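For reference, the structure is listed below as structure tokens.
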Amino acid sequence: MRDDLVALPVVEIEVSRLSSAYSPRTSGEDPEHVETLLSAEGDLPPILVHRPTMQVIDGLHRLKAARLRGDSKILARLVDGTESDAFVLAVEANIRHGLPLSLTDRKHAAVQIIGTHPQWSDRRVASVTGISAGTVADLRRRGGENGNEARIGRDGRIRPVDGSEGRRLAAELIRSDPGLSLRQVAKQVGISPETVRDVRGRLERGESPTPDGSRRLQAKPQPLRWTEPDFGRVVDRDRLAMLERLKADPALRLTETGRTLLRMFAMHSIDGQEWGRVLHNVPPHLCSTVAGFAREHARVWAEFADRLDNRASDLAAG
């Protein structure tokens, strides 16, 4: 259960006041699971209840067990909000613990959430229901939902549904300056680094930057103006000096994870001549494979950097 829900106070509620209309389980309670709860020793965890309607959000089987035992009251946490948001909480809770929802139930839940939260992105709906974003998109299409011009993602950011314009701008930027990183292009254009990666790959294969099948560009694609990178600038004096300061910091130098991080930084802090030597000695038949590994490691480092930035912002705000 989410930390903010766990922090809610636990109260006793009369069993007779509760109902289970919000349950995403189309088949109702599972008798075997109820039997397991009946045989459990000690108190069961508090259920989650929507205060305005007294509908059970999470704890359908616990409520059933309490009724079979003849209990008049049950421990619960109360949440406020709309009925549609309460259903979302019910789905989230039932895919993360206890008896998991069936695939059919998760798809039914996704259809309902698409209807009540049409502004949510496919990925956000998928993260709640425990199915893939592709499956959510398929359910959305089957339901004839045209969608909004923009949707809200899992991170709360609003993104356009039609990303063709962003892809076109990214393609132009990549052609004009092939040396830009994925994150630099993404920041300037306003799309994700993964989308930029896809655009770059399509251009290298001579395809359209938009995912309209494998259709080739009608005109001969403009070649990427690749120039030999100046590896001499990869490690500058300021960064080398910063690395030395990090090596001297006891918070890193005297901890196992800190020493691991320092070794990782040191491995990437080779001079330009060494970078060039490594580049030109990669066997031709492994160039694409090594390039893929390099891009994946770059993606991991970028994600690592973003999470550190977020952590720094949270600490500053706190």
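Chains: A, B, ... in order of the structure tokens. Residues: from 1 per chain. Ligands: from 1, in order shown.
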
Residue contacts of Lys73 in chain A (9 Å, only C-alpha atoms) excluding same-chain residues fewer than 5 positions away, as a list in words: Glu12, Ile13, Glu14, Val15, Ser16 and Ala66 of chain A

For Ala298 in chain A, work out the shell of residues within 12 Å, counting only C-alpha atoms and skipping chain neighbours fewer than 3 positions away, then give it as a PDB file with C-alpha atoms, in the first residue's frame.
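Generated output (out-v1.pdb):
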```pdb
ATOM      1  CA  SER A 181      23.062  14.041 -27.035  1.00  0.00           C
ATOM      2  CA  LEU A 182      19.629  12.465 -26.743  1.00  0.00           C
ATOM      3  CA  ARG A 183      18.862  14.533 -23.657  1.00  0.00           C
ATOM      4  CA  PRO A 193      15.051  10.956 -24.825  1.00  0.00           C
ATOM      5  CA  GLU A 194      13.717   7.525 -25.848  1.00  0.00           C
ATOM      6  CA  ARG A 197      16.651   7.699 -29.819  1.00  0.00           C
ATOM      7  CA  HIS A 268      35.123   7.026 -17.897  1.00  0.00           C
ATOM      8  CA  ALA A 291      27.119   1.016 -29.917  1.00  0.00           C
ATOM      9  CA  GLY A 292      23.911  -0.438 -28.498  1.00  0.00           C
ATOM     10  CA  PHE A 293      25.600  -1.232 -25.199  1.00  0.00           C
ATOM     11  CA  ALA A 294      27.088   2.262 -25.079  1.00  0.00           C
ATOM     12  CA  ARG A 295      23.709   3.895 -25.674  1.00  0.00           C
ATOM     13  CA  TRP A 301      23.638   7.165 -16.434  1.00  0.00           C
ATOM     14  CA  ALA A 302      21.081   9.751 -17.611  1.00  0.00           C
ATOM     15  CA  GLU A 303      18.402   8.116 -15.460  1.00  0.00           C
ATOM     16  CA  PHE A 304      20.847   8.033 -12.536  1.00  0.00           C
ATOM     17  CA  ALA A 305      21.553  11.748 -12.993  1.00  0.00           C
TER      18      ALA A 305
END
```

Contacts between range 36-45 of chain A and range 56-86 of chain A, please, where a residue of range 56-86 of chain A counts if it comes within 9 Å (with only C-alpha atoms); show its shortest atom pair and distance in Å to one decimal, rows by chain and ascending number, as JSON lines.
```
{"residue": "A:Gly59", "atom": "CA", "partner": "A:Pro45", "partner_atom": "CA", "distance": 8.6}
{"residue": "A:His61", "atom": "CA", "partner": "A:Leu37", "partner_atom": "CA", "distance": 7.8}
{"residue": "A:Arg62", "atom": "CA", "partner": "A:Leu37", "partner_atom": "CA", "distance": 6.9}
{"residue": "A:Ala65", "atom": "CA", "partner": "A:Leu38", "partner_atom": "CA", "distance": 5.8}
{"residue": "A:Ala66", "atom": "CA", "partner": "A:Leu38", "partner_atom": "CA", "distance": 8.1}
{"residue": "A:Leu68", "atom": "CA", "partner": "A:Leu38", "partner_atom": "CA", "distance": 8.3}
{"residue": "A:Arg69", "atom": "CA", "partner": "A:Leu38", "partner_atom": "CA", "distance": 7.7}
{"residue": "A:Leu75", "atom": "CA", "partner": "A:Pro45", "partner_atom": "CA", "distance": 7.5}
{"residue": "A:Ala76", "atom": "CA", "partner": "A:Pro45", "partner_atom": "CA", "distance": 8.2}
```

Selected residues written out with N, CA and C atoms, as a PDB file, in the first residue's frame:
```pdb
ATOM      1  N   GLY A  59      -9.893  -4.709   0.563  1.00  0.00           N
ATOM      2  CA  GLY A  59     -10.188  -5.534   1.719  1.00  0.00           C
ATOM      3  C   GLY A  59     -11.485  -6.305   1.598  1.00  0.00           C
ATOM      4  N   HIS A  61     -12.044  -9.409   0.757  1.00  0.00           N
ATOM      5  CA  HIS A  61     -11.981 -10.723   1.378  1.00  0.00           C
ATOM      6  C   HIS A  61     -11.897 -10.614   2.899  1.00  0.00           C
ATOM      7  N   ARG A  62     -11.223  -9.600   3.402  1.00  0.00           N
ATOM      8  CA  ARG A  62     -11.160  -9.396   4.848  1.00  0.00           C
ATOM      9  C   ARG A  62     -12.538  -9.053   5.410  1.00  0.00           C
ATOM     10  N   ALA A  65     -14.529 -12.252   5.514  1.00  0.00           N
ATOM     11  CA  ALA A  65     -14.103 -13.085   6.642  1.00  0.00           C
ATOM     12  C   ALA A  65     -14.665 -12.546   7.952  1.00  0.00           C
ATOM     13  N   ALA A  66     -14.666 -11.230   8.100  1.00  0.00           N
ATOM     14  CA  ALA A  66     -15.204 -10.618   9.321  1.00  0.00           C
ATOM     15  C   ALA A  66     -16.693 -10.927   9.471  1.00  0.00           C
ATOM     16  N   LEU A  68     -18.280 -13.547   8.212  1.00  0.00           N
ATOM     17  CA  LEU A  68     -18.441 -14.968   8.515  1.00  0.00           C
ATOM     18  C   LEU A  68     -18.114 -15.278   9.974  1.00  0.00           C
ATOM     19  N   ARG A  69     -17.185 -14.530  10.547  1.00  0.00           N
ATOM     20  CA  ARG A  69     -16.842 -14.713  11.963  1.00  0.00           C
ATOM     21  C   ARG A  69     -17.897 -14.106  12.883  1.00  0.00           C
ATOM     22  N   LEU A  75     -11.379  -3.073  11.516  1.00  0.00           N
ATOM     23  CA  LEU A  75     -10.405  -1.980  11.448  1.00  0.00           C
ATOM     24  C   LEU A  75     -10.314  -1.466  10.012  1.00  0.00           C
ATOM     25  N   ALA A  76     -10.218  -0.139   9.870  1.00  0.00           N
ATOM     26  CA  ALA A  76     -10.200   0.442   8.525  1.00  0.00           C
ATOM     27  C   ALA A  76      -9.465   1.776   8.523  1.00  0.00           C
TER      28      ALA A  76
END
```

Expected answer as a PyMOL selection string: helix (DSSP H, G or I) residues in range 50-158 of chain A: chain A and resi 60-69+83-96+103-116+122-129+133-142

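Among the residues of range 10-156 of chain A, backbone DSSP assigns strand (DSSP E) to A:Val10, A:Val11, A:Glu12, A:Ile13, A:Glu14, A:Ile47, A:Leu48, A:Val49, A:His50, A:Gln55, A:Val56, A:Ile57, A:Asp58, A:Lys73, A:Ile74, A:Leu75, A:Ala76, A:Arg77, A:Leu78, A:Val79, A:Ala150, A:Arg151, A:Ile152.
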
Could the residues in this selection be written to a file with N, CA, C and O atoms, as a PDB file, in the first residue's frame?
```pdb
ATOM      1  N   VAL A  10      -6.049   4.567  11.817  1.00  0.00           N
ATOM      2  CA  VAL A  10      -6.870   3.361  11.789  1.00  0.00           C
ATOM      3  C   VAL A  10      -8.044   3.545  12.750  1.00  0.00           C
ATOM      4  O   VAL A  10      -7.854   3.944  13.909  1.00  0.00           O
ATOM      5  N   VAL A  11      -9.250   3.275  12.252  1.00  0.00           N
ATOM      6  CA  VAL A  11     -10.455   3.427  13.078  1.00  0.00           C
ATOM      7  C   VAL A  11     -11.279   2.142  12.996  1.00  0.00           C
ATOM      8  O   VAL A  11     -11.053   1.299  12.126  1.00  0.00           O
ATOM      9  N   GLU A  12     -12.235   1.999  13.909  1.00  0.00           N
ATOM     10  CA  GLU A  12     -13.161   0.869  13.870  1.00  0.00           C
ATOM     11  C   GLU A  12     -14.461   1.296  13.207  1.00  0.00           C
ATOM     12  O   GLU A  12     -15.003   2.366  13.507  1.00  0.00           O
ATOM     13  N   ILE A  13     -14.941   0.474  12.282  1.00  0.00           N
ATOM     14  CA  ILE A  13     -16.178   0.780  11.561  1.00  0.00           C
ATOM     15  C   ILE A  13     -17.120  -0.406  11.687  1.00  0.00           C
ATOM     16  O   ILE A  13     -16.683  -1.568  11.648  1.00  0.00           O
ATOM     17  N   GLU A  14     -18.401  -0.129  11.810  1.00  0.00           N
ATOM     18  CA  GLU A  14     -19.388  -1.191  11.865  1.00  0.00           C
ATOM     19  C   GLU A  14     -19.471  -1.894  10.506  1.00  0.00           C
ATOM     20  O   GLU A  14     -19.601  -1.244   9.472  1.00  0.00           O
ATOM     21  N   ILE A  47      -8.731  -2.556   6.460  1.00  0.00           N
ATOM     22  CA  ILE A  47      -9.212  -2.400   5.095  1.00  0.00           C
ATOM     23  C   ILE A  47      -9.189  -0.916   4.735  1.00  0.00           C
ATOM     24  O   ILE A  47      -8.991  -0.057   5.606  1.00  0.00           O
ATOM     25  N   LEU A  48      -9.386  -0.618   3.455  1.00  0.00           N
ATOM     26  CA  LEU A  48      -9.398   0.764   2.981  1.00  0.00           C
ATOM     27  C   LEU A  48     -10.822   1.095   2.526  1.00  0.00           C
ATOM     28  O   LEU A  48     -11.410   0.356   1.730  1.00  0.00           O
ATOM     29  N   VAL A  49     -11.363   2.214   3.038  1.00  0.00           N
ATOM     30  CA  VAL A  49     -12.760   2.552   2.796  1.00  0.00           C
ATOM     31  C   VAL A  49     -12.884   3.981   2.277  1.00  0.00           C
ATOM     32  O   VAL A  49     -12.194   4.890   2.764  1.00  0.00           O
ATOM     33  N   HIS A  50     -13.764   4.163   1.284  1.00  0.00           N
ATOM     34  CA  HIS A  50     -14.075   5.495   0.751  1.00  0.00           C
ATOM     35  C   HIS A  50     -15.066   6.160   1.707  1.00  0.00           C
ATOM     36  O   HIS A  50     -16.218   5.758   1.804  1.00  0.00           O
ATOM     37  N   GLN A  55     -17.839   2.683   0.763  1.00  0.00           N
ATOM     38  CA  GLN A  55     -17.549   1.538  -0.091  1.00  0.00           C
ATOM     39  C   GLN A  55     -16.131   1.040   0.210  1.00  0.00           C
ATOM     40  O   GLN A  55     -15.220   1.828   0.418  1.00  0.00           O
ATOM     41  N   VAL A  56     -15.947  -0.276   0.209  1.00  0.00           N
ATOM     42  CA  VAL A  56     -14.635  -0.858   0.472  1.00  0.00           C
ATOM     43  C   VAL A  56     -13.770  -0.714  -0.779  1.00  0.00           C
ATOM     44  O   VAL A  56     -14.142  -1.174  -1.861  1.00  0.00           O
ATOM     45  N   ILE A  57     -12.624  -0.078  -0.632  1.00  0.00           N
ATOM     46  CA  ILE A  57     -11.679   0.087  -1.732  1.00  0.00           C
ATOM     47  C   ILE A  57     -10.728  -1.097  -1.789  1.00  0.00           C
ATOM     48  O   ILE A  57     -10.450  -1.652  -2.850  1.00  0.00           O
ATOM     49  N   ASP A  58     -10.220  -1.488  -0.632  1.00  0.00           N
ATOM     50  CA  ASP A  58      -9.294  -2.623  -0.551  1.00  0.00           C
ATOM     51  C   ASP A  58      -9.627  -3.414   0.703  1.00  0.00           C
ATOM     52  O   ASP A  58      -9.662  -2.852   1.798  1.00  0.00           O
ATOM     53  N   LYS A  73     -17.563  -5.179  14.063  1.00  0.00           N
ATOM     54  CA  LYS A  73     -16.727  -4.059  13.647  1.00  0.00           C
ATOM     55  C   LYS A  73     -15.458  -4.572  12.983  1.00  0.00           C
ATOM     56  O   LYS A  73     -15.062  -5.727  13.179  1.00  0.00           O
ATOM     57  N   ILE A  74     -14.824  -3.699  12.206  1.00  0.00           N
ATOM     58  CA  ILE A  74     -13.590  -4.050  11.501  1.00  0.00           C
ATOM     59  C   ILE A  74     -12.676  -2.838  11.466  1.00  0.00           C
ATOM     60  O   ILE A  74     -13.149  -1.687  11.428  1.00  0.00           O
ATOM     61  N   LEU A  75     -11.379  -3.073  11.516  1.00  0.00           N
ATOM     62  CA  LEU A  75     -10.405  -1.980  11.448  1.00  0.00           C
ATOM     63  C   LEU A  75     -10.314  -1.466  10.012  1.00  0.00           C
ATOM     64  O   LEU A  75     -10.316  -2.249   9.058  1.00  0.00           O
ATOM     65  N   ALA A  76     -10.218  -0.139   9.870  1.00  0.00           N
ATOM     66  CA  ALA A  76     -10.200   0.442   8.525  1.00  0.00           C
ATOM     67  C   ALA A  76      -9.465   1.776   8.523  1.00  0.00           C
ATOM     68  O   ALA A  76      -9.306   2.424   9.567  1.00  0.00           O
ATOM     69  N   ARG A  77      -9.011   2.143   7.326  1.00  0.00           N
ATOM     70  CA  ARG A  77      -8.498   3.485   7.065  1.00  0.00           C
ATOM     71  C   ARG A  77      -9.460   4.153   6.094  1.00  0.00           C
ATOM     72  O   ARG A  77      -9.904   3.532   5.122  1.00  0.00           O
ATOM     73  N   LEU A  78      -9.774   5.424   6.321  1.00  0.00           N
ATOM     74  CA  LEU A  78     -10.752   6.139   5.507  1.00  0.00           C
ATOM     75  C   LEU A  78     -10.061   7.117   4.580  1.00  0.00           C
ATOM     76  O   LEU A  78      -9.157   7.861   4.991  1.00  0.00           O
ATOM     77  N   VAL A  79     -10.496   7.124   3.317  1.00  0.00           N
ATOM     78  CA  VAL A  79      -9.946   8.071   2.347  1.00  0.00           C
ATOM     79  C   VAL A  79     -11.090   8.874   1.743  1.00  0.00           C
ATOM     80  O   VAL A  79     -12.221   8.402   1.634  1.00  0.00           O
ATOM     81  N   ALA A 150      -3.762  16.252 -25.506  1.00  0.00           N
ATOM     82  CA  ALA A 150      -2.636  15.978 -24.624  1.00  0.00           C
ATOM     83  C   ALA A 150      -3.103  15.075 -23.493  1.00  0.00           C
ATOM     84  O   ALA A 150      -4.285  15.052 -23.155  1.00  0.00           O
ATOM     85  N   ARG A 151      -2.161  14.320 -22.928  1.00  0.00           N
ATOM     86  CA  ARG A 151      -2.485  13.445 -21.821  1.00  0.00           C
ATOM     87  C   ARG A 151      -1.472  13.623 -20.707  1.00  0.00           C
ATOM     88  O   ARG A 151      -0.337  14.053 -20.934  1.00  0.00           O
ATOM     89  N   ILE A 152      -1.895  13.227 -19.493  1.00  0.00           N
ATOM     90  CA  ILE A 152      -1.040  13.370 -18.322  1.00  0.00           C
ATOM     91  C   ILE A 152      -0.350  12.041 -18.067  1.00  0.00           C
ATOM     92  O   ILE A 152      -1.001  11.006 -17.940  1.00  0.00           O
TER      93      ILE A 152
END
```

Distance query range 126-136 of chain A at most 12 Å, only C-alpha atoms, self and fewer than 2 positions along chain excluded, as a count of residues only: 45
